[in-house]
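See below for query_14.cif, which holds mmCIF, C-alpha atoms.
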```
data_upload
loop_
_atom_site.label_atom_id
_atom_site.label_comp_id
_atom_site.auth_asym_id
_atom_site.auth_seq_id
_atom_site.Cartn_x
_atom_site.Cartn_y
_atom_site.Cartn_z
CA MET A 1 -0.17 20.65 7.03
CA GLU A 2 1.39 23.70 8.65
CA LEU A 3 4.95 23.13 9.85
CA TYR A 4 3.99 23.46 13.52
CA GLU A 5 1.28 20.82 13.04
CA LYS A 6 3.82 18.42 11.59
CA ILE A 7 6.23 18.63 14.53
CA TYR A 8 4.19 19.74 17.57
CA VAL A 9 4.19 17.18 20.37
CA LYS A 10 1.37 17.69 22.86
CA PRO A 11 2.09 17.27 26.58
CA ALA A 12 -0.71 14.67 26.61
CA PHE A 13 1.59 12.35 24.65
CA LEU A 14 3.98 12.23 27.62
CA GLU A 15 1.22 10.62 29.70
CA THR A 16 0.83 7.68 27.31
CA ASP A 17 2.76 4.42 27.43
CA HIS A 18 4.90 5.46 24.50
CA GLY A 19 5.41 8.91 25.98
CA GLU A 20 7.10 7.41 29.02
CA ILE A 21 9.95 6.21 26.79
CA ALA A 22 12.78 8.73 26.49
CA CYS A 23 12.95 10.48 23.11
CA GLU A 24 16.57 9.52 22.56
CA HIS A 25 15.80 5.82 23.06
CA CYS A 26 14.14 5.78 19.64
CA HIS A 27 15.40 8.90 17.89
CA GLY A 28 18.96 9.28 19.19
CA GLY A 29 20.52 12.65 19.93
CA ASP A 30 22.01 13.95 23.19
CA PRO A 31 19.49 15.12 25.83
CA GLU A 32 22.34 16.38 28.06
CA ASP A 33 23.50 18.92 25.48
CA ASP A 34 22.08 22.44 26.06
CA ASP A 35 22.78 23.50 22.47
CA TRP A 36 19.84 22.30 20.35
CA GLN A 37 21.91 22.31 17.18
CA THR A 38 24.49 19.86 18.49
CA ALA A 39 21.99 18.00 20.68
CA HIS A 40 20.12 16.99 17.54
CA LYS A 41 23.15 15.56 15.75
CA GLY A 42 22.46 11.98 14.77
CA VAL A 43 18.71 12.28 15.35
CA VAL A 44 16.75 9.79 13.26
CA ARG A 45 13.47 11.13 11.92
CA ASP A 46 11.83 7.73 11.49
CA PRO A 47 13.49 5.14 13.73
CA THR A 48 11.12 2.46 12.46
CA TYR A 49 12.66 2.26 8.98
CA PRO A 50 14.53 0.38 7.64
CA ASP A 51 14.99 -1.55 10.92
CA PRO A 52 12.25 -1.20 13.54
CA ALA A 53 13.77 -3.81 15.84
CA THR A 54 14.94 -1.33 18.47
CA ALA A 55 12.17 1.24 18.29
CA CYS A 56 9.25 -1.21 18.08
CA GLY A 57 10.63 -4.72 18.43
CA GLU A 58 11.35 -4.59 22.14
CA CYS A 59 7.61 -4.50 22.91
CA HIS A 60 6.06 -5.70 19.65
CA GLU A 61 8.51 -8.44 18.69
CA ASN A 62 5.99 -10.75 17.00
CA ILE A 63 4.46 -8.00 14.89
CA VAL A 64 7.82 -6.60 13.81
CA ALA A 65 9.15 -10.06 12.92
CA SER A 66 6.64 -10.37 10.08
CA ALA A 67 5.97 -6.71 9.31
CA VAL A 68 9.55 -6.06 8.13
CA SER A 69 8.89 -8.34 5.17
CA SER A 70 5.30 -7.24 4.58
CA LEU A 71 4.00 -5.88 1.30
CA HIS A 72 3.77 -2.30 2.56
CA PHE A 73 7.20 -2.35 4.20
CA THR A 74 9.15 -3.78 1.28
CA LEU A 75 6.99 -3.26 -1.85
CA ARG A 76 8.77 -6.41 -3.00
CA PRO A 77 6.24 -7.51 -5.66
CA MET A 78 6.61 -4.18 -7.45
CA LYS A 79 10.37 -4.55 -7.51
CA GLN A 80 10.16 -8.18 -8.62
CA THR A 81 7.84 -7.26 -11.46
CA ILE A 82 10.18 -4.60 -12.83
CA GLU A 83 13.21 -6.85 -12.41
CA GLN A 84 11.46 -9.59 -14.39
CA ARG A 85 10.99 -7.17 -17.27
CA THR A 86 14.68 -6.22 -17.24
CA GLY A 87 16.07 -9.73 -17.68
CA ASN A 88 19.41 -10.76 -16.21
CA GLU A 89 21.79 -10.42 -19.15
CA ASP A 90 23.74 -7.33 -18.13
CA PRO A 91 24.64 -6.85 -14.43
CA ALA A 92 25.48 -3.18 -15.02
CA VAL A 93 21.99 -2.52 -16.38
CA LEU A 94 20.44 -4.34 -13.43
CA ILE A 95 22.36 -2.15 -10.98
CA THR A 96 21.28 1.00 -12.83
CA ILE A 97 17.63 -0.03 -13.02
CA ASP A 98 17.69 -1.07 -9.36
CA ALA A 99 18.89 2.42 -8.39
CA ALA A 100 16.08 3.94 -10.48
CA ILE A 101 13.51 1.66 -8.82
CA ASN A 102 14.66 2.78 -5.38
CA LYS A 103 14.53 6.44 -6.41
CA HIS A 104 11.17 6.43 -8.16
CA CYS A 105 9.13 3.34 -7.30
CA LEU A 106 9.85 2.42 -3.69
CA THR A 107 9.47 5.85 -2.11
CA CYS A 108 5.97 5.23 -0.77
CA HIS A 109 6.84 2.31 1.51
CA ALA A 110 5.00 2.23 4.83
CA SER A 111 7.06 1.80 7.99
CA CYS A 112 5.55 1.23 11.43
CA GLY A 113 5.90 4.92 12.21
CA GLN A 114 4.47 6.06 8.89
CA CYS A 115 1.24 4.26 9.60
CA HIS A 116 0.82 4.69 13.34
CA VAL A 117 2.59 7.97 14.19
CA SER A 118 2.96 10.16 11.11
CA ARG A 119 1.92 10.58 7.53
CA SER A 120 4.20 8.95 4.99
CA ASP A 121 7.33 10.63 3.64
CA TYR A 122 5.66 10.32 0.24
CA ALA A 123 3.00 12.76 1.51
CA ASP A 124 5.62 15.08 3.07
CA GLY A 125 5.30 13.62 6.55
CA GLY A 126 3.77 15.25 9.60
CA LEU A 127 2.62 13.82 12.93
CA LEU A 128 -0.89 12.34 12.85
CA ALA A 129 -1.88 13.31 16.38
CA ALA A 130 0.94 15.27 18.01
CA HIS A 131 3.06 12.10 18.32
CA ARG A 132 0.36 10.00 19.96
CA PHE A 133 0.36 6.48 18.51
CA ILE A 134 -2.77 5.62 16.51
CA LYS A 135 -3.57 1.92 16.77
CA THR A 136 -6.01 1.97 13.84
CA PRO A 137 -4.82 4.50 11.26
CA SER A 138 -7.26 6.90 9.63
CA MET A 139 -8.36 5.91 6.14
CA ASP A 140 -8.54 9.50 4.92
CA THR A 141 -5.26 10.67 6.47
CA THR A 142 -3.03 7.61 6.40
CA CYS A 143 -4.22 5.25 3.66
CA ALA A 144 -5.08 8.09 1.28
CA SER A 145 -1.55 9.51 1.63
CA CYS A 146 -0.29 6.83 -0.75
CA HIS A 147 -3.49 5.42 -2.25
CA GLY A 148 -5.32 8.72 -2.77
CA GLY A 149 -4.75 9.04 -6.49
CA ARG A 150 -6.68 5.93 -7.41
CA VAL A 151 -8.05 3.55 -4.77
CA HIS A 152 -9.23 6.10 -2.21
CA SER A 153 -10.83 8.37 -4.81
CA GLU A 154 -12.67 5.47 -6.44
CA TYR A 155 -13.79 4.07 -3.09
CA THR A 156 -15.14 7.39 -1.84
CA GLY A 157 -16.71 8.42 -5.14
CA VAL A 158 -14.56 11.41 -6.04
CA GLU A 159 -14.47 10.51 -9.73
CA ASP A 160 -17.16 12.15 -11.90
CA ASP A 161 -19.95 9.90 -13.17
CA TYR A 162 -19.11 7.09 -10.73
CA GLU A 163 -20.70 6.41 -7.36
CA ALA A 164 -18.78 5.67 -4.20
CA ASP A 165 -18.21 2.01 -3.46
CA VAL A 166 -21.32 0.59 -1.80
CA HIS A 167 -19.26 -0.52 1.20
CA CYS A 168 -18.26 3.10 1.76
CA ALA A 169 -21.51 4.82 0.85
CA ASP A 170 -24.00 2.46 2.51
CA GLU A 171 -21.99 0.77 5.27
CA ASP A 172 -19.46 3.50 6.10
CA MET A 173 -16.69 0.88 6.04
CA THR A 174 -13.06 1.97 6.15
CA CYS A 175 -10.03 0.29 4.59
CA MET A 176 -9.32 -1.53 7.85
CA ASP A 177 -12.68 -3.30 7.85
CA CYS A 178 -11.35 -5.47 5.02
CA HIS A 179 -7.60 -4.92 5.24
CA THR A 180 -7.04 -6.01 8.82
CA ALA A 181 -3.87 -5.78 10.91
CA SER A 182 -3.16 -9.46 10.22
CA GLU A 183 -2.89 -8.64 6.53
CA MET A 184 -0.96 -5.39 6.97
CA HIS A 185 1.63 -7.06 9.22
CA ALA A 186 1.80 -10.38 7.35
CA SER A 187 5.09 -11.51 5.87
CA ALA A 188 5.19 -11.47 2.08
CA GLU A 189 8.26 -13.70 1.79
CA GLY A 190 7.87 -15.78 -1.36
CA VAL A 191 4.69 -13.97 -2.38
CA LYS A 192 4.63 -13.08 -6.08
CA ASN A 193 2.05 -10.30 -5.77
CA ARG A 194 -0.59 -8.98 -3.40
CA PHE A 195 -3.21 -11.35 -4.81
CA ASP A 196 -1.25 -14.33 -3.49
CA LEU A 197 -1.01 -13.12 0.11
CA PRO A 198 -2.97 -15.67 2.22
CA GLU A 199 -4.23 -12.94 4.56
CA ARG A 200 -5.74 -10.82 1.78
CA PRO A 201 -9.46 -9.97 1.93
CA ALA A 202 -11.95 -11.98 -0.11
CA CYS A 203 -15.56 -11.27 -1.11
CA GLN A 204 -16.73 -14.65 0.17
CA THR A 205 -15.64 -13.84 3.73
CA CYS A 206 -18.71 -11.62 4.09
CA HIS A 207 -20.77 -13.04 1.22
CA PRO A 208 -20.42 -16.85 1.46
CA GLU A 209 -23.90 -17.38 0.03
CA ALA A 210 -22.89 -15.69 -3.23
CA VAL A 211 -20.28 -18.33 -4.04
CA ALA A 212 -21.92 -21.35 -2.41
CA GLU A 213 -22.55 -24.36 -4.65
CA ASN A 214 -26.25 -24.25 -3.74
CA THR A 215 -26.62 -20.49 -4.17
CA ALA A 216 -30.19 -19.42 -4.80
CA VAL A 217 -29.15 -16.57 -7.09
CA ARG A 218 -29.29 -17.91 -10.63
CA SER A 219 -26.75 -15.48 -12.08
CA HIS A 220 -24.30 -16.47 -9.33
CA ALA A 221 -24.83 -20.15 -10.03
CA ILE A 222 -24.29 -19.69 -13.78
CA HIS A 223 -21.08 -17.65 -13.41
CA ARG A 224 -19.68 -19.37 -10.31
CA GLY A 225 -15.98 -20.18 -10.67
CA ARG A 226 -15.87 -18.75 -14.20
CA VAL A 227 -16.33 -15.02 -13.66
CA ALA A 228 -14.71 -12.98 -10.87
CA CYS A 229 -17.17 -11.10 -8.66
CA GLN A 230 -15.82 -7.71 -9.79
CA VAL A 231 -16.62 -8.40 -13.46
CA CYS A 232 -20.31 -7.92 -12.65
CA HIS A 233 -20.07 -5.67 -9.59
CA ALA A 234 -17.28 -3.15 -10.22
CA GLN A 235 -17.38 0.23 -11.92
CA ALA A 236 -14.63 1.77 -14.01
CA GLY A 237 -11.23 2.40 -12.44
CA LYS A 238 -8.34 4.68 -13.22
CA SER A 239 -5.74 3.34 -15.64
CA CYS A 240 -2.41 5.03 -16.30
CA PHE A 241 -0.36 4.80 -19.50
CA SER A 242 3.31 5.13 -20.45
CA CYS A 243 5.07 6.41 -17.34
CA HIS A 244 8.61 7.73 -17.87
CA VAL A 245 10.94 8.53 -14.97
CA GLY A 246 14.08 10.64 -14.73
CA THR A 247 15.72 13.52 -12.89
CA ASP A 248 15.58 17.23 -13.68
CA LYS A 249 18.50 19.67 -13.95
CA LYS A 250 18.63 19.92 -10.16
CA GLY A 251 18.79 16.16 -9.78
CA LEU A 252 15.24 15.90 -8.44
CA PRO A 253 13.34 12.77 -9.48
CA TYR A 254 10.19 13.11 -11.57
CA TYR A 255 7.76 10.98 -13.52
CA LYS A 256 5.50 11.72 -16.49
CA CYS A 257 2.47 9.73 -17.56
CA LYS A 258 1.10 9.94 -21.07
CA GLU A 259 -2.47 9.88 -19.78
CA THR A 260 -4.80 8.61 -17.08
CA LYS A 261 -8.42 7.76 -17.67
CA MET A 262 -11.33 5.88 -16.17
CA VAL A 263 -11.68 2.51 -17.88
CA PHE A 264 -13.61 -0.69 -17.31
CA LYS A 265 -12.22 -3.70 -19.14
CA ILE A 266 -12.77 -7.44 -18.78
CA GLY A 267 -9.83 -9.62 -19.72
CA LEU A 268 -8.87 -13.27 -19.64
CA ASN A 269 -7.39 -14.28 -16.31
CA PRO A 270 -3.60 -13.95 -16.71
CA ASP A 271 -2.82 -15.80 -13.49
CA LYS A 272 -5.17 -18.70 -12.83
CA CYS A 273 -4.77 -20.65 -9.61
CA THR A 274 -6.90 -22.54 -7.09
CA ASP A 275 -8.05 -19.32 -5.46
CA ARG A 276 -8.60 -17.58 -8.82
CA PRO A 277 -10.00 -20.16 -11.23
CA TYR A 278 -11.95 -17.55 -13.19
CA ASP A 279 -11.85 -17.29 -16.97
CA TYR A 280 -12.81 -13.60 -16.89
CA VAL A 281 -11.47 -10.90 -14.56
CA VAL A 282 -11.34 -7.11 -14.40
CA VAL A 283 -8.01 -5.75 -15.68
CA ARG A 284 -6.34 -2.38 -15.32
CA HIS A 285 -3.48 -0.86 -17.31
CA ALA A 286 -0.18 -0.50 -15.48
CA PRO A 287 1.75 2.67 -16.42
CA VAL A 288 4.90 0.88 -17.60
CA ASP A 289 6.07 0.93 -21.22
CA PRO A 290 9.31 -0.28 -22.88
CA HIS A 291 10.95 3.13 -22.41
CA THR A 292 9.99 3.82 -18.78
CA PHE A 293 13.63 3.71 -17.61
CA ASP A 294 15.35 5.03 -20.73
CA ALA A 295 16.70 8.02 -18.79
CA TYR A 296 18.82 5.52 -16.84
CA ALA A 297 19.40 2.65 -19.26
CA LYS A 298 18.39 2.52 -22.91
CA ASN A 299 16.55 -0.71 -23.65
CA GLY A 300 16.68 -1.48 -19.93
CA LEU A 301 13.47 -3.52 -20.07
CA LYS A 302 14.69 -6.19 -22.49
CA ARG A 303 12.10 -8.69 -21.31
CA PHE A 304 9.24 -6.20 -21.34
CA ASP A 305 6.90 -8.71 -22.99
CA SER A 306 7.34 -11.27 -20.20
CA LEU A 307 4.42 -9.73 -18.28
CA PRO A 308 1.15 -8.12 -19.43
CA THR A 309 0.58 -4.40 -19.12
CA TRP A 310 -3.13 -5.04 -18.57
CA LYS A 311 -2.97 -6.74 -15.20
CA LEU A 312 -5.36 -8.31 -12.72
CA ASP A 313 -7.23 -5.59 -10.84
CA SER A 314 -8.85 -5.36 -7.41
CA PRO A 315 -11.47 -2.63 -7.92
CA HIS A 316 -12.64 -0.56 -4.97
CA SER A 317 -15.74 0.65 -6.80
CA ILE A 318 -18.28 -2.06 -6.01
CA GLN A 319 -22.00 -1.71 -6.68
CA ARG A 320 -24.79 -4.26 -6.56
CA ILE A 321 -26.18 -3.00 -9.87
CA THR A 322 -23.70 -1.79 -12.48
CA ARG A 323 -23.79 -0.75 -16.12
CA GLN A 324 -22.70 -4.23 -17.20
CA ASN A 325 -25.10 -6.29 -15.08
CA ARG A 326 -28.39 -4.38 -15.41
CA THR A 327 -29.50 -7.05 -17.87
CA CYS A 328 -27.80 -10.17 -19.21
CA ASN A 329 -27.17 -8.49 -22.55
CA SER A 330 -25.61 -5.46 -20.90
CA CYS A 331 -22.54 -7.72 -20.87
CA HIS A 332 -23.34 -10.56 -23.27
CA GLY A 333 -22.63 -9.41 -26.79
CA ASN A 334 -21.19 -6.11 -25.58
CA ALA A 335 -17.74 -6.38 -27.15
CA GLY A 336 -16.70 -2.95 -25.87
CA LEU A 337 -16.47 -4.26 -22.32
CA PHE A 338 -13.84 -6.84 -23.24
CA LEU A 339 -10.15 -6.12 -23.77
CA SER A 340 -9.29 -6.30 -27.45
CA LYS A 341 -6.30 -5.50 -29.64
CA ASN A 342 -7.94 -2.17 -30.38
CA ASP A 343 -7.28 -1.22 -26.73
CA LEU A 344 -3.54 -1.86 -27.12
CA ALA A 345 -0.62 0.07 -28.48
CA PRO A 346 1.34 -2.01 -31.07
CA TRP A 347 4.19 -2.56 -28.61
CA GLU A 348 1.73 -4.24 -26.19
CA PHE A 349 0.41 -6.98 -28.45
CA THR A 350 2.85 -9.69 -27.39
CA ALA A 351 2.79 -8.81 -23.67
CA ASN A 352 -1.00 -9.04 -23.50
CA ALA A 353 -1.60 -12.01 -25.78
CA GLY A 354 -2.95 -14.03 -22.86
CA VAL A 355 -5.21 -11.26 -21.55
CA VAL A 356 -6.95 -10.03 -24.71
CA VAL A 357 -10.37 -11.62 -25.17
CA PRO A 358 -10.67 -12.97 -28.74
CA GLU A 359 -13.98 -12.46 -30.50
CA SER A 360 -14.75 -16.16 -30.18
CA ARG A 361 -14.67 -15.90 -26.38
CA ILE A 362 -16.92 -12.86 -26.00
CA PRO A 363 -20.22 -14.22 -24.60
CA GLY A 364 -22.94 -13.88 -27.22
CA LEU A 365 -26.34 -12.28 -26.92
CA ILE A 366 -28.99 -14.37 -25.24
CA ASN A 367 -32.76 -14.38 -25.45
CA GLU A 368 -33.59 -12.83 -22.10
CA GLY A 369 -37.29 -13.21 -22.72
CA ALA A 370 -36.86 -16.97 -22.62
CA GLU A 371 -35.41 -16.95 -19.13
#
```
Go ahead and express the file in the form of structure tokens.
Amino acid sequence: MELYEKIYVKPAFLETDHGEIACEHCHGGDPEDDDWQTAHKGVVRDPTYPDPATACGECHENIVASAVSSLHFTLRPMKQTIEQRTGNEDPAVLITIDAAINKHCLTCHASCGQCHVSRSDYADGGLLAAHRFIKTPSMDTTCASCHGGRVHSEYTGVEDDYEADVHCADEDMTCMDCHTASEMHASAEGVKNRFDLPERPACQTCHPEAVAENTAVRSHAIHRGRVACQVCHAQAGKSCFSCHVGTDKKGLPYYKCKETKMVFKIGLNPDKCTDRPYDYVVVRHAPVDPHTFDAYAKNGLKRFDSLPTWKLDSPHSIQRITRQNRTCNSCHGNAGLFLSKNDLAPWEFTANAGVVVPESRIPGLINEGAE
């Protein structure tokens, strides 16, 4: 965005409900000062982070009460995951790693303002609509600011050789059709990861017949409760490998990934529960490796093996017919679809012991002519 586009406030904004509130009420500063340089002292660029109570809470108290502990606001599961890998033996290391997490991993948080008024700081900011408040954010402008590298590109079909998600291509659905305000604003207190959030979207909300006990679709009946929907209906997704973080000579933070590539892998469910009873799920490689934080603390991830690097995925690349479900034997007997030790670096063997599919658990070929 051009600089003037980022900061220009249209007169039309002043005629809205939010425009009737004095600027300094949210942003601070001194409107009585004729010198713009001193008048802007103390001005807060985003008054909705880290505490939106004053800027938003006076009118939206119920939303703010839960949103301040939401997944997007806190990114808590990401932090908890990294902290679990560090262990708790050395407090000094924990403090160092925590500082690195804040510098490199938690920079794309979403405040109230960075969804409804401006683009995120992660995407260099800029007002969405000349300071007018957008009740339902734009998928392409807002969501893609942080999720553009993977989810948005897969959903809209940017990746070569892969079609756009059927919900996007055929139904013109946006992120908010599945990820509603109740989910975005929901408290994530006590939630281990995004898959455990009660308000999360689920396939069966729109497709109850597919998971019903009396489903008429034979393949659904056979795989019901054993195979996650995405195993049959997702395409490949982007996986990242071996991310290292640090700061350059000027003190600016950076990260380097060894590689990123489109991969489709089926793994054993690493986190079974009532809502996810499946034996087989789609997994994606997280970019972490044992040396991710070495620039800050050598051997900082002492308990690296406590979590898998191939983790449960939520693909946004759904198709009714996919490469693995065109016929039964497109999947059955196709060992290349299943995560094996050959897909792992040696330092990943222990971490992914519960996710790798042993040869004995790869479904064998079947006589499709006998069906």
I'd like the contact shell of segment 285-297 of chain A - 7 Å cut-off, all atoms listed in the file, skipping same-chain residues fewer than 2 positions apart - returned as a ChimeraX atom specification. /A:93,96-97,239-246,283,299-301,304,309-311
How would you write, as a count of residues only, the residues chosen by the PyMOL selection byres ((chain A and resi 81-89) around 7) on this structure? 12
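Pairwise distance (atom CA of His116 of chain A, atom CA of Arg132 of chain A) equals 8.5 Å.
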List as CSV every residue of segment 255-290 of chain A that is in contact with segment 314-324 of chain A, defined as an atom at most 10 Å from one of its atoms (using all atoms listed in the file), together with the nearest atom pair and the distance in Å rounded to one decimal, sorted by chain and then rising number.
```
residue,atom,partner,partner_atom,distance
A:Phe264,CA,A:Gln324,CA,9.8
A:Val281,CA,A:Ser314,CA,9.4
A:Val282,CA,A:Ser314,CA,7.6
A:Val283,CA,A:Ser314,CA,8.3
A:Arg284,CA,A:Ser314,CA,8.8
```
Neighbourhood query: residues within 12 Å of (-0.7, 11.0, 16.0), file coordinates, counting only C-alpha atoms; return as a count of residues only. 34
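Closest approach to Ala144 of chain A among A:Ser69, A:Ala169, A:Cys175, A:Pro308: A:Cys175, based on all atoms listed in the file.
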Pull the closest atom pair for each residue of segment 119-152 of chain A that gets at most 12 Å from segment 157-160 of chain A, along with the distance in Å to one decimal, counting only C-alpha atoms, ordering rows by chain and then ascending residue number, as a tab-separated table.
```
residue	atom	partner	partner_atom	distance
A:Gly148	CA	A:Val158	CA	10.2
A:Gly149	CA	A:Val158	CA	10.1
A:Arg150	CA	A:Glu159	CA	9.3
A:Val151	CA	A:Gly157	CA	9.9
A:His152	CA	A:Gly157	CA	8.4
```
Contacts of Lys341 of chain A within 12 Å, all atoms listed in the file, excl. fewer than 3 positions in-chain, as a list in words: Gly267, Trp310, Ala335, Gly336, Phe338, Leu344, Ala345, Pro346, Trp347, Glu348, Phe349, Thr350, Ala351, Asn352, Ala353, Gly354, Val355, Val356, Val357, Pro358 and Glu359 of chain A
For Asn62 of chain A, which residue among A:Met173, A:Cys146, A:Leu365, A:Ala186 is the nearest when counting only C-alpha atoms?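 Of the candidates, the smallest distance to Asn62 of chain A is held by A:Ala186.
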To one decimal place in Å, what is the distance between atom CA of Val211 of chain A and atom CA of Ala228 of chain A?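 Between atom CA of Val211 of chain A and atom CA of Ala228 of chain A the gap is 10.3 Å.
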May I ask for the distance between atom CA of Pro201 of chain A and atom CA of His167 of chain A, given in Å to one decimal place? 13.6 Å
The PyMOL selection byres ((chain A and resi 182-185) around 6) resolved against shown file, as a PyMOL selection string: chain A and resi 67+70+180-181+186+199-200
Which residue gives the smallest distance to Ala65 of chain A among A:Cys108, A:Ala99, A:Ala53, A:Cys143, with all atoms listed in the file counted?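 Going through A:Cys108, A:Ala99, A:Ala53, A:Cys143 one by one, the smallest distance to Ala65 of chain A is for A:Ala53.
Applied to the file shown here, the PyMOL selection byres ((chain A and resi 50) around 12) selects the residues A:Val44, A:Arg45, A:Asp46, A:Pro47, A:Thr48, A:Tyr49, A:Asp51, A:Pro52, A:Ala53, A:Thr54, A:Ala55, A:Cys56, A:Val64, A:Ala67, A:Val68, A:Ser69, A:Phe73, A:Thr74, A:His109, A:Ala110, A:Ser111, A:Cys112, A:Gly113, A:Gln114.
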Under the rule that all atoms listed in the file are counted, which of A:Arg326, A:Arg76, A:Lys250, A:His25 is the nearest residue to Ala188 of chain A?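 Using all atoms listed in the file, Ala188 of chain A sits closest to A:Arg76.
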Calculate, to one decimal in Å, the centre and edge lengths of the box along x, y and z of the file that holds all listed atoms of segment 326-343 of chain A with 4 Å of margin on each side, and present them as lines of an AutoDock Vina configuration file.
```
center_x = -17.9
center_y = -5.9
center_z = -22.9
size_x = 31.2
size_y = 17.3
size_z = 23.0
```
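Closest approach to Ala100 of chain A among A:Gly333, A:Gly364, A:Gly57, A:Pro253: A:Pro253, based on only C-alpha atoms.
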